[in-house]
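Encoded as structure tokens, the structure appears first; notes follow it.
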Amino acid sequence: MSAIAAPPRRVVAYAAPVLVALFILPSVLPQYQTVLLSYGLIFAIAALGFNLLLGYTGLLSFGHSAYFGTGAYAVAFIVKYLRIQSMEAFVLGGILASALVAGLFGFLCVRYTRIFFGILTLALSQVLWSLAFKFFWVTGGTDGLRVPTPTLLGGTVRMAVGAAEDKLGFLAYRYYYYVLALFVISVAVMWVIVHSPFGKALQAIRDNETRAEFVGVQVWRYRWVAFLISGIFTGLAGALWVPLNGLTTPDILVWTFSGKIVFFTVLGGFQTFFGPIIGAVIYNYLETYAVGHTVYWQLVLGVVLVVLVLALPAGIVGTVNRLRLRLARAS
Amino acid sequence: MDTLLIHVLNALLYASVLFLIAGGLSLIYGVMRIVNLAHGNLYAFGAYVTAWAIGRILGGAPDASVALYALLPVGAVAAAALGAVLEPTLLRPLYKRAEEYQLLITFGLLLILEDMMRLLWGPYPLSISPLYEGLGSLHIGESIYPTYNLLVIVIGGLAAAALWAFVYRTQFGVVLRATSQNMRMASALGVNVNRVYVEAFTLGCFMAGLGGAIIVPQQGAVLGMGVDALVLAFVVVVIGGLGSLEGALIGALLVGVVRELGITFFPEIELAVLYLMAAVVLLIRPAGLLGRA
């Protein structure tokens, strides 16, 4: 079993320096940049989960905002009703809540594929959005719910009282490493999942459902489990996102947010393992700078998406891989 | 009794506009097998163009002359023209590619169109309410009802009838239905599929634009109206059946009635009920009430 999970030497050679860089960056970068990078890593966890469905199982969900939002709102409810501020409780709550919702929604959705799957996931995510939007006495409506800075590692790491450390400093340093740790764990777990027999079965389903069924794969159940795992990863991302943002609003439940998650994944390249991660980080920078420089940032992103689909359908990582192959062949 | 009649009229008003949007969406899906996520933006585009054009003529005048009502469809024509440009340039290269890319490109288009409207007409709503108020109101028993709403219902009904006649009673309709049933066979029989596609897309956009154009005197044109309308149009086509015009009509009526009931009796869960209806129909009959699998 361990043999399947061990990454090839080439991947280690690329991943190790990146990991070291991610570890050093907070001491080099300005605080704001580190926070921005945290957002990128969080979105990368969401994209990683999303891609288990799109890239490995062949199902395009247009409703992943539901699980991201469930993770985020679960945290907000923990603060509001249980008055707990521990990050471990947030992560656990976010994972459990998103598992519950993804388990239920997935059970309904995986009976269909292609466009019907997409529309069903979208319709169900909109149910959650409209509830968050209308039940303002529970969810705060469009004002959303505030989430204070949490304590980390069972309360042992907390924001220093007084002038020693402000909120931004806490988020840009301690919280960043917390996110980084969970990001690394998520990547490792997902790597093991997609390279396990289960992951191979998903790819078989994606490539040819009928054959997979004849070989003895229980298509329906495998898809449901993939949906569940995908939702949990995205929910975890939502739970990590909330303390960083300080606020959760129905905007993260609306279907256009699901479109963004699809955008990350395709930007990086959904046929590769690392594509969605790179896509999410780059998208985050792209959106932040587009929003900072023009009110017409949606126009910028829309043009990028259209050009991407027309000219670079393999995404950034897919295109780089292809170029490298061509260079290797030429030499 | 009067209140009941008013509720029915409101439901019909809502259904008329929804049918125009969802009917276009369904027509495009039926012929081209593309779910156009930017369809709601074409509805918004129609609303903006009409509001802008009539607003220019109106100036600050509080009264609307009758001639202005004849100008309402200008938004529909503009949306159709936009559709006629978009289909060959953006969508045509993608028909042979996976569905994911078609959805994505229309999502990109949604983002672009949303901001184009902000760029062209600014962030503030456009309104041409003199046209709405200009028709006055009717007395129904003891209640009053705006006459303009009746005009919208009539236009919606006429549009549905015209569309039916167009699809089932003309030469073009035959070609359209043939292409929708079997694109390859139609092509082999000499149908110019590219032309049918661009015509169907244009017609779908025209309907969406018309929906926007006739509702804008009542509601005004605001940013985000397209995105909101799209999801409701989705609910309609999912209930009625993707690709079925009769389905879109029934779906629009059903959604209109439920929405009106919802606003009166269960405002908190009105939207949730609509989306749940769509989900339940998808689960029981994935092809919709009147769709073919």
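So you can find residues: chains in the structure tokens are A, B, ... in the order shown, residues in each start at 1, and ligands are numbered from 1 in order.
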
Given a cut-off of 9 Å, which residues of chain A touch chain B, counting only C-alpha atoms, written out as a ChimeraX atom specification?
/A:60,108-109,111-112,114-116,119-131,133-135,255-256,259,262-263,266,295-310,313

Give me, as a list in words, all polymer residues having an atom no more than 9 Å from B:Cys205, counting only C-alpha atoms and skipping those fewer than 3 positions away in the same chain.
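Returned residues: Ile21, Gly24, Leu25, Ile28, His39, Leu42, Tyr43, Gly46, Ala76, Val77, Ala79, Ala80, Ala81, Leu82, Gly83, Ala84, Ala200, Phe201, Thr202, Ala208, Gly209 and Leu210 of chain B.
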
Hey, what's within 10 Å of stretch 184-199 of chain A if we count only C-alpha atoms and toss same-chain stuff fewer than 4 positions away? As a VMD selection string, please?
chain A and resid 1 to 7 19 41 44 to 46 48 to 49 52 56 to 57 179 to 180 203 to 205 217 222 225 to 226 229 to 230 233 236 to 237 273 to 274 277

With only C-alpha atoms as the basis for distance, which of A:Ala132, A:Leu59, A:Tyr173, A:Gly231 is at the shortest distance from A:Val101?
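The closest residue to A:Val101 is A:Gly231.
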
List the neighbours of stretch 168-172 of chain B out to 9 Å using only C-alpha atoms; skip same-chain residues closer than 5 positions along the sequence, and give me the result as number ranges by chain.
B: 163, 177, 196

Please provide as an NGL selection string all residues within 7 Å of stretch 149-158 of chain B, with the sequence filter that same-chain residues fewer than 3 positions apart are discarded (counting only C-alpha atoms).
:B and (12-13 or 16-17 or 20 or 146 or 161-162 or 214)

DSSP alpha helix (DSSP H) selection over stretch 52-238 of chain A, as a ChimeraX atom specification
/A:65-77,87-109,114-134,136-139,167-170,176-195,197-207,209-215,219-238

When you look at stretch 283-293 of chain A with a cut-off of 8 Å (counting only C-alpha atoms), what residues show up, excluding the ones that are within fewer than 4 positions of it in the same chain? I need them as a ChimeraX atom specification.
/A:36,39-40,43,264,267,279,297,300-301

In Å, with one decimal, what is the gap from atom CA of B:Ala252 to atom CA of B:Ala53?
28.6 Å

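Distances from A:Phe105, A:Trp241, A:Phe117, A:Phe90 to A:Leu152 were compared using only C-alpha atoms, and the smallest one belongs to A:Phe90.
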
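By only C-alpha atoms, and with residues fewer than 6 positions from stretch 73-87 of chain A along its chain excluded, the set lying at most 9 Å from it is Gly93, Gly94, Ile95, Leu96, Ala97, Ser98, Ala132, Val138, Thr139, Leu145, Arg146, Val147, Pro148, Thr149, Pro150, Thr151, Leu152, Leu153, Gly154, Gly155, Gly238, Ala239, Leu240, Val242, Pro243, Leu247, Thr248 and Thr249 of chain A.
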
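Nearest to B:Val175 of all the residues B:Gln219, B:Asn192, B:Asn36, B:Thr89 is B:Asn192, based on only C-alpha atoms.
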
Write down as a ChimeraX atom specification the residues belonging to stretch 127-309 of chain A that are assigned strand (DSSP E or B) by DSSP computed on the backbone.
/A:145-146,151-152,157,247-248

With all heavy atoms retained, export the selected residues as a PDB file, in the first residue's frame.
ATOM      1  N   LEU A 145     -22.278  37.113   9.626  1.00  0.00           N
ATOM      2  CA  LEU A 145     -21.926  36.885  11.025  1.00  0.00           C
ATOM      3  C   LEU A 145     -20.433  37.158  11.217  1.00  0.00           C
ATOM      4  O   LEU A 145     -19.624  36.760  10.391  1.00  0.00           O
ATOM      5  CB  LEU A 145     -22.226  35.438  11.421  1.00  0.00           C
ATOM      6  CG  LEU A 145     -23.690  35.031  11.504  1.00  0.00           C
ATOM      7  CD1 LEU A 145     -23.804  33.542  11.762  1.00  0.00           C
ATOM      8  CD2 LEU A 145     -24.417  35.810  12.586  1.00  0.00           C
ATOM      9  N   ARG A 146     -20.109  37.800  12.342  1.00  0.00           N
ATOM     10  CA  ARG A 146     -18.701  38.079  12.640  1.00  0.00           C
ATOM     11  C   ARG A 146     -18.049  36.876  13.308  1.00  0.00           C
ATOM     12  O   ARG A 146     -18.695  36.159  14.057  1.00  0.00           O
ATOM     13  CB  ARG A 146     -18.593  39.261  13.590  1.00  0.00           C
ATOM     14  CG  ARG A 146     -19.054  40.543  12.974  1.00  0.00           C
ATOM     15  CD  ARG A 146     -18.516  41.746  13.729  1.00  0.00           C
ATOM     16  NE  ARG A 146     -18.467  42.859  12.816  1.00  0.00           N
ATOM     17  CZ  ARG A 146     -17.459  43.081  11.978  1.00  0.00           C
ATOM     18  NH1 ARG A 146     -16.412  42.291  11.984  1.00  0.00           N
ATOM     19  NH2 ARG A 146     -17.487  44.098  11.157  1.00  0.00           N
ATOM     20  N   THR A 151      -8.289  31.076  19.046  1.00  0.00           N
ATOM     21  CA  THR A 151      -7.066  30.612  19.690  1.00  0.00           C
ATOM     22  C   THR A 151      -6.659  29.317  18.991  1.00  0.00           C
ATOM     23  O   THR A 151      -7.513  28.547  18.546  1.00  0.00           O
ATOM     24  CB  THR A 151      -7.307  30.320  21.175  1.00  0.00           C
ATOM     25  OG1 THR A 151      -8.304  29.292  21.265  1.00  0.00           O
ATOM     26  CG2 THR A 151      -7.786  31.548  21.908  1.00  0.00           C
ATOM     27  N   LEU A 152      -5.351  29.081  18.893  1.00  0.00           N
ATOM     28  CA  LEU A 152      -4.876  27.914  18.151  1.00  0.00           C
ATOM     29  C   LEU A 152      -4.381  26.828  19.100  1.00  0.00           C
ATOM     30  O   LEU A 152      -4.027  27.103  20.249  1.00  0.00           O
ATOM     31  CB  LEU A 152      -3.735  28.329  17.215  1.00  0.00           C
ATOM     32  CG  LEU A 152      -3.991  29.542  16.318  1.00  0.00           C
ATOM     33  CD1 LEU A 152      -2.773  29.821  15.461  1.00  0.00           C
ATOM     34  CD2 LEU A 152      -5.206  29.329  15.439  1.00  0.00           C
ATOM     35  N   VAL A 157      -1.931  28.705  21.829  1.00  0.00           N
ATOM     36  CA  VAL A 157      -1.429  29.812  21.024  1.00  0.00           C
ATOM     37  C   VAL A 157      -2.560  30.795  20.835  1.00  0.00           C
ATOM     38  O   VAL A 157      -3.564  30.477  20.227  1.00  0.00           O
ATOM     39  CB  VAL A 157      -0.925  29.330  19.645  1.00  0.00           C
ATOM     40  CG1 VAL A 157      -0.426  30.507  18.835  1.00  0.00           C
ATOM     41  CG2 VAL A 157       0.154  28.283  19.809  1.00  0.00           C
ATOM     42  N   LEU A 247     -15.539  37.546   8.827  1.00  0.00           N
ATOM     43  CA  LEU A 247     -16.966  37.737   8.576  1.00  0.00           C
ATOM     44  C   LEU A 247     -17.411  36.722   7.532  1.00  0.00           C
ATOM     45  O   LEU A 247     -16.661  36.427   6.602  1.00  0.00           O
ATOM     46  CB  LEU A 247     -17.170  39.151   8.020  1.00  0.00           C
ATOM     47  CG  LEU A 247     -18.562  39.587   7.614  1.00  0.00           C
ATOM     48  CD1 LEU A 247     -19.372  39.898   8.857  1.00  0.00           C
ATOM     49  CD2 LEU A 247     -18.495  40.813   6.724  1.00  0.00           C
ATOM     50  N   THR A 248     -18.604  36.176   7.709  1.00  0.00           N
ATOM     51  CA  THR A 248     -19.141  35.339   6.638  1.00  0.00           C
ATOM     52  C   THR A 248     -20.484  35.898   6.184  1.00  0.00           C
ATOM     53  O   THR A 248     -21.316  36.256   7.002  1.00  0.00           O
ATOM     54  CB  THR A 248     -19.268  33.864   7.057  1.00  0.00           C
ATOM     55  OG1 THR A 248     -19.932  33.157   6.019  1.00  0.00           O
ATOM     56  CG2 THR A 248     -20.021  33.684   8.352  1.00  0.00           C
TER      57      THR A 248
END

As an exercise, work out the distance from atom CA of A:Ala172 to atom CA of A:Pro26 in Å and give it to one decimal place.
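Distance reported for this atom pair: 7.0 Å.
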